[in-house]
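J.: My questions will all concern the structure given below.
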Amino acid sequence: MAEVPVSSLADFQNSIYLQGLGDVRPALPTDLTGLEELAERSLSAQAFGYVAGSAGTGATARANREAFDRWRIVPRMLRDVSERDLSVEVLGTAMPSPVLLAPIGVQSILHPDGELAVARAAAAEGVPMVLSTASSYSIEEVAEANGEGPRWYQLYWPKDRDLAVSFLERAKAAGYTALVVTLDTFTLAWRPRDLDQAYLPFLRGIGVANYFSDPVFQKAVGGPVTDANRSTALLHWVANFGNPSLTWDDLIFLREHWDGPIALKGIQHPDDARQAVDAGMDGVIVSNHGGRQVDGAVASLDALGTIVDAVRGQATVLFDSGIRTGADAAKALALGAKAVMVARPYAYGLALGGQAGVQHVLRCLQAELELTMVLAGITRPDELSLETLVRA
């Protein structure tokens, strides 16, 4: 495992100012909310729409962002913040800060290196990446690019149980230490931006590398995927991608085939969080898929507090959906999340600058998180609490 950097994450700010003495300015905005507009100019309408788009009218994605504005940070003065430490351990993984790269599929539509560039960036910064089942490169290829970096694997649970087992075995063999199981995407939502472009990358053979490279999948389609059986392989992918028949009882199957930590992604209701605990899950990820699945759903940040209360410390709570800034991360941590997942900002960084763009996003986000905390009188993530916030 890569060593966690020990220097202050906020030093990135100083490095920018020092480079400015030589008239060198950042290649990308340090306000990460500015990346989306630049990415839209850079990407095709299909690629940008796939990443930026949401379910239905986009109401859930808007709600995710609006929820952050309903909380305000209350800085405290005259506290010794000369020494600070943002490092945490989450589900057995040491991290330089409570920040992970969320699973995002089909990254090659953003940059030719896709997940390989993200894996290298994550390793360089010591930040865990969560690899999507729907990646453009295989489990093994991404692991090789990630080297000794920390990495988790995200499972889209297919109908074929043997295929699911094969994915898990491959991930374990390739050094992925924790399993994230996405529950909210057993079928794709109504996504107008993709529909208007008649664009689903998987049907074009993008984002199916883990399937096409899998021995169980290959056996089912008559051998390695070539031009001769490509149509058969794509139809087999369609038939197996999601499984709407899954229930809580099926989690036993995961425990039988994965001996590391398991976190369930897509939890929005406290009763579901309690069931996850009862099923022996190690973590829950409060997420509405960035607003991509249910239009008009509850904002993830609004759901976070009730879920933290529901698990009562019996499972690790992580947060996803809407993180754009270090202040956002601080608010989610104050509301009880152990760590946060960032998604679209690093996708835009990838589109605009490849590996360097992803590293820029990580450095900005972590530096801003540290500066937000220390300026509020806080030196460690576990010091963030409801006392840090007030309702706007």
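In the structure tokens, the first chain shown is A, the next is B, and so on; residue numbers restart at 1 for each chain, and ligands run from 1 in the order shown.
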Residues within 8 Å of Ala52 in chain A, please, as a CSV table (one decimal) with N, CA, C and O atoms, in the first residue's frame. Count only C-alpha atoms; anything in the same chain fewer than 2 positions from it doesn't count.
T.:
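Saved result, part_8.csv, follows:
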```
chain,number,residue,atom,x,y,z
A,36,GLU,N,-17.1,22.2,-14.9
A,36,GLU,CA,-18.1,21.7,-15.7
A,36,GLU,C,-18.3,22.5,-17.0
A,36,GLU,O,-18.4,21.9,-18.1
A,48,PHE,N,-20.4,14.5,-22.7
A,48,PHE,CA,-20.7,15.5,-21.6
A,48,PHE,C,-22.1,15.2,-21.0
A,48,PHE,O,-22.3,15.2,-19.8
A,49,GLY,N,-23.1,14.9,-21.9
A,49,GLY,CA,-24.4,14.6,-21.4
A,49,GLY,C,-24.5,13.4,-20.5
A,49,GLY,O,-25.2,13.4,-19.5
A,50,TYR,N,-23.7,12.4,-20.9
A,50,TYR,CA,-23.7,11.2,-20.1
A,50,TYR,C,-23.2,11.5,-18.7
A,50,TYR,O,-23.7,10.9,-17.7
A,54,SER,N,-28.7,14.0,-15.5
A,54,SER,CA,-29.4,13.4,-14.4
A,54,SER,C,-30.7,12.8,-14.8
A,54,SER,O,-31.1,12.9,-16.0
A,344,ARG,N,-18.2,13.9,-10.1
A,344,ARG,CA,-18.2,14.7,-11.3
A,344,ARG,C,-17.0,15.6,-11.4
A,344,ARG,O,-16.4,15.7,-12.4
```
J.: Would you return as a PyMOL selection string the members of range 179-391 of chain A that DSSP assigns to alpha helix (DSSP H) on this structure's backbone?
T.: chain A and resi 192-196+209-212+215-220+230-240+251-257+270-278+300-311+326-334+344-375
J.: Write the residues of the preceding selection, restricted to C-alpha atoms, as a compact mmCIF listing (two decimals), in the first residue's frame.
T.:
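Heads up, here's the output in out05.txt:
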```
# COMPACT_ATOMS: atom_id res chain seq x y z
CA PRO A 192 -33.35 12.78 -21.08
CA ARG A 193 -29.88 14.03 -22.00
CA ASP A 194 -28.83 10.52 -23.02
CA LEU A 195 -32.18 9.76 -24.60
CA ASP A 196 -32.15 12.92 -26.69
CA ALA A 209 -14.27 -4.29 -20.47
CA ASN A 210 -14.79 -6.25 -17.26
CA TYR A 211 -17.51 -8.31 -18.90
CA PHE A 212 -15.73 -8.98 -22.18
CA PRO A 215 -13.88 -16.08 -18.42
CA VAL A 216 -17.44 -16.79 -17.25
CA PHE A 217 -18.85 -14.19 -19.63
CA GLN A 218 -16.68 -15.44 -22.49
CA LYS A 219 -17.82 -19.01 -21.94
CA ALA A 220 -21.44 -17.88 -22.16
CA ARG A 230 -19.64 -9.06 -30.55
CA SER A 231 -23.38 -8.69 -31.09
CA THR A 232 -24.01 -11.81 -29.02
CA ALA A 233 -21.76 -10.43 -26.27
CA LEU A 234 -23.58 -7.09 -26.20
CA LEU A 235 -26.96 -8.81 -25.98
CA HIS A 236 -25.62 -11.00 -23.17
CA TRP A 237 -24.46 -7.85 -21.36
CA VAL A 238 -27.96 -6.37 -21.72
CA ALA A 239 -29.50 -9.54 -20.32
CA ASN A 240 -27.19 -9.61 -17.29
CA LEU A 251 -26.46 -10.28 0.89
CA ILE A 252 -25.53 -13.64 2.39
CA PHE A 253 -24.21 -14.53 -1.05
CA LEU A 254 -21.80 -11.60 -0.94
CA ARG A 255 -20.45 -12.60 2.43
CA GLU A 256 -19.85 -16.10 1.14
CA HIS A 257 -17.71 -14.78 -1.72
CA PRO A 270 -32.80 4.86 7.93
CA ASP A 271 -34.67 1.55 7.82
CA ASP A 272 -32.47 0.41 4.93
CA ALA A 273 -29.42 1.45 6.92
CA ARG A 274 -30.59 -0.61 9.87
CA GLN A 275 -31.17 -3.60 7.62
CA ALA A 276 -27.65 -3.24 6.27
CA VAL A 277 -26.34 -3.39 9.83
CA ASP A 278 -28.53 -6.41 10.61
CA SER A 300 -28.33 12.88 0.06
CA LEU A 301 -27.20 15.47 2.61
CA ASP A 302 -30.75 15.69 3.96
CA ALA A 303 -30.79 11.92 4.43
CA LEU A 304 -27.35 11.72 6.05
CA GLY A 305 -28.17 12.63 9.66
CA THR A 306 -31.02 10.17 10.06
CA ILE A 307 -28.89 7.37 8.65
CA VAL A 308 -26.00 8.16 10.98
CA ASP A 309 -28.46 8.00 13.88
CA ALA A 310 -29.94 4.74 12.59
CA VAL A 311 -26.67 2.79 12.40
CA GLY A 326 -13.77 21.32 0.55
CA ALA A 327 -16.48 23.18 2.44
CA ASP A 328 -19.04 20.67 1.13
CA ALA A 329 -16.88 17.84 2.43
CA ALA A 330 -16.54 19.53 5.82
CA LYS A 331 -20.32 19.85 6.13
CA ALA A 332 -20.92 16.19 5.28
CA LEU A 333 -18.27 15.14 7.79
CA ALA A 334 -19.82 17.38 10.44
CA ARG A 344 -18.20 14.66 -11.29
CA PRO A 345 -15.37 17.13 -10.44
CA TYR A 346 -12.70 14.52 -11.03
CA ALA A 347 -14.49 13.32 -14.15
CA TYR A 348 -14.25 16.85 -15.52
CA GLY A 349 -10.62 17.05 -14.41
CA LEU A 350 -9.96 13.83 -16.32
CA ALA A 351 -11.62 15.23 -19.42
CA LEU A 352 -9.61 18.45 -19.28
CA GLY A 353 -6.21 17.19 -18.20
CA GLY A 354 -5.99 13.42 -17.90
CA GLN A 355 -4.02 12.22 -14.91
CA ALA A 356 -2.82 15.74 -14.12
CA GLY A 357 -6.40 17.00 -14.18
CA VAL A 358 -7.51 14.39 -11.66
CA GLN A 359 -4.56 15.18 -9.40
CA HIS A 360 -5.43 18.87 -9.62
CA VAL A 361 -8.96 18.15 -8.43
CA LEU A 362 -7.74 16.02 -5.53
CA ARG A 363 -5.16 18.58 -4.44
CA CYS A 364 -7.65 21.45 -4.60
CA LEU A 365 -10.38 19.57 -2.75
CA GLN A 366 -8.13 18.33 0.03
CA ALA A 367 -6.34 21.67 0.45
CA GLU A 368 -9.65 23.51 0.67
CA LEU A 369 -10.98 20.96 3.16
CA GLU A 370 -7.96 21.42 5.41
CA LEU A 371 -8.09 25.22 5.21
CA THR A 372 -11.84 25.26 5.87
CA MET A 373 -11.35 23.11 8.95
CA VAL A 374 -8.44 25.01 10.48
CA LEU A 375 -10.07 28.38 9.85
```
J.: Taking 6 positions as the minimum chain separation for residues in the same chain, which residues sit within 8 Å of Glu140 in chain A when counting only C-alpha atoms? Answer as JSON, numbers by chain.
T.: {"A": [170, 171, 174]}
J.: Output as a ChimeraX atom specification all residues of range 139-305 of chain A that backbone DSSP marks as strand (DSSP E).
T.: /A:151-155,179-182,262-267,283-286
J.: State, in Å with one decimal place, the distance from CA of Ala94 in chain A to CA of Trp258 in chain A.
T.: 20.0 Å
